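Undergrad: Quick one: the structure is below, questions incoming.
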Amino acid sequence: MIEIKNLHKGFDGEEILKGIDFVFETGQTNLIIGQSGSGKSVLLKCMLGLFKPEEGTIEYDGKAYSTFTDEEQRDLRKEVGMLFQGGALFDSMTVEENVMFPLRMFTKQRKRELKSRVSEVLERVNLDGSENKYPSEISGGMQKRVAIARAVVNKPKYLFCDEPNSGLDPTTATVIDNLIQEITRENNMTTVIITHDMNSVLEIGENIAFLKDGVLAWKGDKEQIFKTDDKTVTDFVYSSNLFKKVRDAQLSGH
Amino acid sequence: MSYVYSIGEYFLMIKGVFGRMTKRSVLKELIFKEINELIMGSLGIVAFISFFIGGVVAIQTALNLNNPLIPKSLIAFAARQSIILEFAPTFISIIMAGKVGSFITSSIGSMRVTEQIDALEVMGINSLNYLIFPKIIAMLTYPFVIAIAMFLGIMGAYAAAVLGGFVGGDVFLGGLQDSFEGFHLVYAFIKTFIFAMILATIPAYHGYYMKGGALEVGHASTTAFVWTSVVIIITNYIITQLLLS
C-alpha cells in the first residue's frame, strides 16, 4: 500500500501538486487520470523518489519515504518495477537480456536459474520464443510486454506504469491492460498506472484518482466514474466522442 | 555563465561516475564490450590514416630537402619526430574525437531520449557509473592504439621514402635512430593518456545531459566533437609547454 498525505510540489514558484491525499491499494490497479498538465507525471516522479516533495509524505507500507536512509531507498528501488511510456528497453540487449537485467544486477542467481525465471516470465506475457530477438525486431505491443516482463521479473511489491497504452491499437491496449491487472493480482502488488485512456479506466479502473490542476478532484472506481454527476469528472470522461455517444444513447433509451 | 555551469556539471558527473559501483561481474562484461567497440573498432581507420600520413610526411620532407649539405637521413628523423610528438597522439586523437566521441555521445544520448537512463535510475542503478565508467576503463587501452599509430606511421614513412627512391634503407634507419630521446615517448604517452580521459568523458557528458529528441542527439554529437577537439588542442599546448619547454 502506498499512502500519500498532503503532497505539495512546485517548480520555479509554480505549484503543480496542491496537497494531494490518496491511498493506492495493494492487489489493485490504481489509476491516476487527468488532463495533460494536471500533475500526474509529477505525482508519479515524487512517488518514485525522482522529485522531492516540498511538503507532505509518501508512505510505503506505513513508512514515510522521507525517513528512509540511502540504503533503505536503494532497497526500496529494488522492490519497484517501472513500465515506461515508450518501454525504455535497452536496445543493445536481446529480449532475454532485457528481462534478465534486474536479476543480474540485484541477485546472485546462477545463469541457469536466471534463464529459468526469464522463461517463466516471458511465457507469462506470451512471449516465449522471442528470447533472442532485439527490441527493434518486435512490434510495439510486444515491446510493452517485454517491458512488463522486465518490470515484474524481480517480483516487485510496487509496479508503476506511465501511460502503458500509448501508441498501441485498441486490441493490443486491452491485452496490455488485462495483463497488468492479472499480474497485479497474481503477485499481490500495488500497481499505479498513469493514463488518460478512458478504455483503460473502463477495463481496469479499480481505484481511481482524478487530478485536475494539481488537486485530487475526485476518487472512486470504474463503476462510479460513469455514474457520477461531478461536472469536472464528466467533462473529462465524456470528452471522448465514443463515451459521449454511448451515454447519449443510454439517456435516449436506444 | 552557462560555460561555468557546464564545467561544474562536468566535474560533478566525474564524481558521480566514481560513486556507487555497478556489480563487478556486469562491469567486467561492459568493459570488454567497450574495448571492442571503442578501441578494436577504431584500429582499422587508425592504421590506414597513420600509414599514409607517415608516407606523406616523408615525401614532403624529402621534396623540401634541396640543400646537398643537409643529410638525407633527416627525412627519417623529421618523420619520426613529427609522428611521435604530434601526429600519433594529437592528430589521431582529433580523429578519434570524431569517431569514438560521436559514438559515445549518440549512444548515451539515445538512451536519454528513450528513457533508458531513467529506467536504470528507477532500478536503483548509478547510471553514470554503469554507462561511463566502463568507457573510461576501456580508454585506458588507448595508448596501445597510439603505439600502433606510431609504428605504422614510421612504416609508412619508410615505405614512401625508401620505395619512392628518396633515400636508401640504411640511411633511413640511421636517421630514425639519430638523436633519439626516450623522454619524447614518455611525453607522447602522458598526453595520450590525458587525451583518452578527455575522449571518454566530454562526449559522455554531452550525451548524458542532452535534452530533447532525435534531432538533438545529432546536435549533441556535433557539439561533443567540437568541444573534445578544442579541449584536446588546448591541453596539448599546456602539456607541451609544461613538459618540453
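Letters A, B, ... go to the chains of the C-alpha cells in the order shown; residues in each chain start at 1; ligands are counted from 1 in the same order.
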Sorted by chain and rising residue number, list the residues of region 67-151 of chain B at most 12 Å from region 217-222 of chain B (counting only C-alpha atoms), each with its closest atom pair and distance in Å to one decimal, as JSON lines.

TA:
```
{"residue": "B:Ala97", "atom": "CA", "partner": "B:Ser221", "partner_atom": "CA", "distance": 10.0}
{"residue": "B:Gly98", "atom": "CA", "partner": "B:Thr222", "partner_atom": "CA", "distance": 8.5}
{"residue": "B:Lys99", "atom": "CA", "partner": "B:Ser221", "partner_atom": "CA", "distance": 10.2}
{"residue": "B:Val100", "atom": "CA", "partner": "B:Ser221", "partner_atom": "CA", "distance": 10.4}
{"residue": "B:Gly101", "atom": "CA", "partner": "B:Ser221", "partner_atom": "CA", "distance": 7.5}
{"residue": "B:Ser102", "atom": "CA", "partner": "B:Ser221", "partner_atom": "CA", "distance": 4.8}
{"residue": "B:Phe103", "atom": "CA", "partner": "B:Ser221", "partner_atom": "CA", "distance": 7.8}
{"residue": "B:Ile104", "atom": "CA", "partner": "B:Ser221", "partner_atom": "CA", "distance": 8.3}
{"residue": "B:Thr105", "atom": "CA", "partner": "B:Ser221", "partner_atom": "CA", "distance": 5.4}
{"residue": "B:Ser106", "atom": "CA", "partner": "B:Val217", "partner_atom": "CA", "distance": 5.8}
{"residue": "B:Ser107", "atom": "CA", "partner": "B:Val217", "partner_atom": "CA", "distance": 8.8}
{"residue": "B:Ile108", "atom": "CA", "partner": "B:Val217", "partner_atom": "CA", "distance": 9.0}
{"residue": "B:Gly109", "atom": "CA", "partner": "B:Val217", "partner_atom": "CA", "distance": 5.6}
{"residue": "B:Ser110", "atom": "CA", "partner": "B:Val217", "partner_atom": "CA", "distance": 6.6}
{"residue": "B:Met111", "atom": "CA", "partner": "B:Val217", "partner_atom": "CA", "distance": 9.9}
{"residue": "B:Arg112", "atom": "CA", "partner": "B:Val217", "partner_atom": "CA", "distance": 9.3}
{"residue": "B:Val113", "atom": "CA", "partner": "B:Val217", "partner_atom": "CA", "distance": 8.2}
{"residue": "B:Thr114", "atom": "CA", "partner": "B:Val217", "partner_atom": "CA", "distance": 11.2}
```

Undergrad: May I ask you to extract the residues of chain A within 7 Å of chain B, using only C-alpha atoms, and to give them as a ChimeraX atom specification?

TA: /A:74,77-78,86,88-90,105

Undergrad: Pick from B:His206, B:Phe193, B:Ile238, B:Leu243: nearest to Ile7 (chain B), with only C-alpha atoms counted?

TA: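 The closest residue to Ile7 (chain B) is B:His206.
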
Undergrad: Run DSSP on the backbone of this structure and report the residues of region 27-215 of chain A it assigns to strand (DSSP E), as a ChimeraX atom specification.

TA: /A:29-33,55-60,63-64,80-83,158-162,190-195,207-212,215

Undergrad: Write out as a list in words the residues lying within 8 Å of Ala62 (chain B), counting only C-alpha atoms and excluding same-chain residues fewer than 5 positions away.

TA: Lys72, Ile75, Ala161 and Phe166 of chain B

Undergrad: If you keep N, CA and C atoms, can you produce a file of those selected residues as a CSV table (one decimal), in the first residue's frame?

TA:
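And here is the file that came out, result.csv:
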```csv
chain,number,residue,atom,x,y,z
B,72,LYS,N,70.4,13.2,-46.1
B,72,LYS,CA,69.1,12.6,-46.4
B,72,LYS,C,68.4,11.9,-45.2
B,75,ILE,N,65.2,12.9,-43.4
B,75,ILE,CA,63.8,12.5,-43.8
B,75,ILE,C,63.3,11.6,-42.7
B,161,ALA,N,59.6,6.7,-48.4
B,161,ALA,CA,61.0,7.3,-48.6
B,161,ALA,C,61.9,6.3,-49.3
B,166,PHE,N,63.7,8.1,-52.5
B,166,PHE,CA,64.3,9.3,-51.9
B,166,PHE,C,65.5,9.1,-51.1
```

Undergrad: Identify which of the residues B:Trp227, B:Phe189, B:Val167, B:Met21 lies closest to Tyr3 (chain B), counting only C-alpha atoms when measuring atom-to-atom distances.

TA: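 Among the listed residues, the smallest separation from Tyr3 (chain B) belongs to B:Trp227.
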
Undergrad: What are the DSSP helix (DSSP H, G or I) residues of region 93-216 of chain B, as an MDAnalysis selection string?

TA: chainID B and resid 93:113 116:122 127:139 142:163 169:177 182:208 214:216

Undergrad: Give me the residues within 12 Å of Gly44 (chain B) as a list in words, counting only C-alpha atoms and dropping any in the same chain fewer than 4 places off.

TA: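 Residues meeting the cut-off are Leu38, Ile39, Met40, Phe48, Ile49, Ser50, Phe51, Met96, Lys99, Val145, Ile148, Ala149 and Leu152 of chain B.
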
Undergrad: Could you turn the residues from that selection into a file that holds N, CA and C atoms, as an mmCIF file, in the first residue's frame?

TA:
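Result file follows (selection-v9.cif):
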```cif
data_model
loop_
_atom_site.group_PDB
_atom_site.id
_atom_site.type_symbol
_atom_site.label_atom_id
_atom_site.label_comp_id
_atom_site.auth_asym_id
_atom_site.auth_seq_id
_atom_site.Cartn_x
_atom_site.Cartn_y
_atom_site.Cartn_z
ATOM 1 N N LEU B 38 35.076 0.656 -28.782
ATOM 2 C CA LEU B 38 35.813 1.915 -28.859
ATOM 3 C C LEU B 38 37.235 1.742 -29.387
ATOM 4 N N ILE B 39 37.913 0.683 -28.949
ATOM 5 C CA ILE B 39 39.329 0.523 -29.291
ATOM 6 C C ILE B 39 39.514 -0.365 -30.523
ATOM 7 N N MET B 40 39.035 -1.604 -30.424
ATOM 8 C CA MET B 40 39.246 -2.532 -31.549
ATOM 9 C C MET B 40 38.564 -2.009 -32.824
ATOM 10 N N PHE B 48 45.091 2.781 -41.171
ATOM 11 C CA PHE B 48 45.048 3.319 -42.537
ATOM 12 C C PHE B 48 45.594 4.744 -42.578
ATOM 13 N N ILE B 49 45.070 5.593 -41.694
ATOM 14 C CA ILE B 49 45.486 7.011 -41.696
ATOM 15 C C ILE B 49 46.961 7.120 -41.317
ATOM 16 N N SER B 50 47.384 6.387 -40.304
ATOM 17 C CA SER B 50 48.762 6.502 -39.819
ATOM 18 C C SER B 50 49.758 6.141 -40.916
ATOM 19 N N PHE B 51 49.497 5.039 -41.590
ATOM 20 C CA PHE B 51 50.440 4.571 -42.613
ATOM 21 C C PHE B 51 50.593 5.623 -43.722
ATOM 22 N N MET B 96 39.811 10.487 -33.471
ATOM 23 C CA MET B 96 39.041 9.656 -32.534
ATOM 24 C C MET B 96 37.904 10.457 -31.886
ATOM 25 N N LYS B 99 35.267 9.930 -34.341
ATOM 26 C CA LYS B 99 34.749 8.561 -34.459
ATOM 27 C C LYS B 99 34.188 8.047 -33.126
ATOM 28 N N VAL B 145 46.633 1.970 -29.055
ATOM 29 C CA VAL B 145 46.228 2.433 -30.389
ATOM 30 C C VAL B 145 47.270 3.432 -30.902
ATOM 31 N N ILE B 148 50.437 1.762 -31.941
ATOM 32 C CA ILE B 148 50.278 1.173 -33.283
ATOM 33 C C ILE B 148 50.348 2.280 -34.344
ATOM 34 N N ALA B 149 49.730 3.429 -34.033
ATOM 35 C CA ALA B 149 49.763 4.561 -34.981
ATOM 36 C C ALA B 149 51.202 5.029 -35.201
ATOM 37 N N LEU B 152 53.025 2.288 -37.345
ATOM 38 C CA LEU B 152 52.586 2.260 -38.736
ATOM 39 C C LEU B 152 52.920 3.571 -39.457
#
```

Undergrad: Distance CA of Ser73 (chain B)-CA of Val162 (chain B), one decimal place?

TA: 11.0 Å

Undergrad: If we count only C-alpha atoms and set the cut-off at 9 Å, which residues sit around region 130-145 of chain A, ignoring sequence neighbours fewer than 3 positions away in its own chain? Please answer as a ChimeraX atom specification.

TA: /A:83-97,118-119,122,125-127,148-150,164-165,167-169,172-173,175-176,179

Undergrad: Filtering to C-alpha atoms, could you give me those residues as a CSV table (one decimal), in the first residue's frame?

TA:
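again_22.csv, written as the output of this step:
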```csv
chain,number,residue,atom,x,y,z
A,83,LEU,CA,6.8,0.4,-17.1
A,84,PHE,CA,7.8,3.5,-19.1
A,85,GLN,CA,5.6,5.1,-21.8
A,86,GLY,CA,8.0,4.0,-24.6
A,87,GLY,CA,9.0,0.8,-22.9
A,88,ALA,CA,12.6,2.0,-22.3
A,89,LEU,CA,14.0,-1.3,-23.3
A,90,PHE,CA,17.8,-1.5,-23.7
A,91,ASP,CA,18.2,-1.6,-27.5
A,92,SER,CA,21.6,-3.2,-27.3
A,93,MET,CA,20.2,-6.2,-25.5
A,94,THR,CA,18.0,-9.1,-26.6
A,95,VAL,CA,14.6,-9.6,-25.1
A,96,GLU,CA,16.1,-12.2,-22.8
A,97,GLU,CA,18.9,-10.0,-21.7
A,118,VAL,CA,13.2,-15.3,-17.5
A,119,SER,CA,11.5,-18.1,-19.5
A,122,LEU,CA,8.3,-14.4,-20.8
A,125,VAL,CA,3.4,-12.4,-21.1
A,126,ASN,CA,3.0,-14.8,-24.1
A,127,LEU,CA,6.5,-14.0,-25.5
A,148,ILE,CA,6.2,-5.6,-18.3
A,149,ALA,CA,8.2,-8.8,-18.0
A,150,ARG,CA,11.3,-6.8,-17.1
A,164,PRO,CA,1.2,1.8,-20.8
A,165,ASN,CA,-1.2,2.0,-23.8
A,167,GLY,CA,0.8,4.3,-29.2
A,168,LEU,CA,-1.0,0.9,-29.2
A,169,ASP,CA,-4.1,-0.2,-31.2
A,172,THR,CA,-3.3,-4.6,-28.0
A,173,ALA,CA,-4.1,-1.9,-25.5
A,175,VAL,CA,-4.4,-7.0,-23.8
A,176,ILE,CA,-1.8,-4.9,-22.0
A,179,LEU,CA,-2.1,-8.4,-18.4
```

Undergrad: Residues near Ala64 (chain A), anyone? I mean within 10 Å using only C-alpha atoms, not counting same-chain ones fewer than 3 positions away, as a list in words.

TA: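 So the residues in contact are Ile2, Glu3, Ile4, Lys5, Gly56, Thr57, Ile58, Glu59, Tyr60, Asp61, Thr67 and Phe68 of chain A.
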
Undergrad: Would you export the selected residues with N, CA and C atoms as a short mmCIF file (atom, residue, chain, number, x, y, z; two decimals), in the first residue's frame, please?

TA:
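selection10.cif, written as the output of this step:
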```
data_model
loop_
_atom_site.label_atom_id
_atom_site.label_comp_id
_atom_site.auth_asym_id
_atom_site.auth_seq_id
_atom_site.Cartn_x
_atom_site.Cartn_y
_atom_site.Cartn_z
N ILE A 2 0.49 2.20 -0.81
CA ILE A 2 1.21 3.48 -0.81
C ILE A 2 0.21 4.56 -0.41
N GLU A 3 0.56 5.31 0.60
CA GLU A 3 -0.35 6.37 1.06
C GLU A 3 0.32 7.73 0.89
N ILE A 4 -0.41 8.61 0.25
CA ILE A 4 0.10 9.96 0.03
C ILE A 4 -0.68 10.92 0.91
N LYS A 5 0.06 11.75 1.65
CA LYS A 5 -0.62 12.69 2.56
C LYS A 5 -0.16 14.12 2.28
N GLY A 56 4.42 17.34 2.76
CA GLY A 56 3.63 16.10 2.71
C GLY A 56 4.51 14.87 2.73
N THR A 57 3.86 13.72 2.82
CA THR A 57 4.61 12.47 2.91
C THR A 57 4.09 11.42 1.94
N ILE A 58 5.00 10.51 1.59
CA ILE A 58 4.63 9.34 0.79
C ILE A 58 5.03 8.14 1.62
N GLU A 59 4.06 7.34 2.00
CA GLU A 59 4.36 6.20 2.87
C GLU A 59 4.25 4.89 2.09
N TYR A 60 5.33 4.13 2.15
CA TYR A 60 5.33 2.79 1.55
C TYR A 60 5.09 1.79 2.67
N ASP A 61 3.95 1.14 2.64
CA ASP A 61 3.56 0.19 3.68
C ASP A 61 3.76 0.77 5.07
N THR A 67 11.90 9.42 5.51
CA THR A 67 12.68 8.95 6.67
C THR A 67 13.63 7.81 6.29
N PHE A 68 13.58 7.37 5.02
CA PHE A 68 14.43 6.25 4.58
C PHE A 68 15.88 6.70 4.52
#
```

Undergrad: So which residues touch His8 (chain A) within 8 Å, counting only C-alpha atoms, skipping near sequence neighbours fewer than 4 positions away, as a PyMOL selection string?

TA: chain A and resi 15-20+53-56
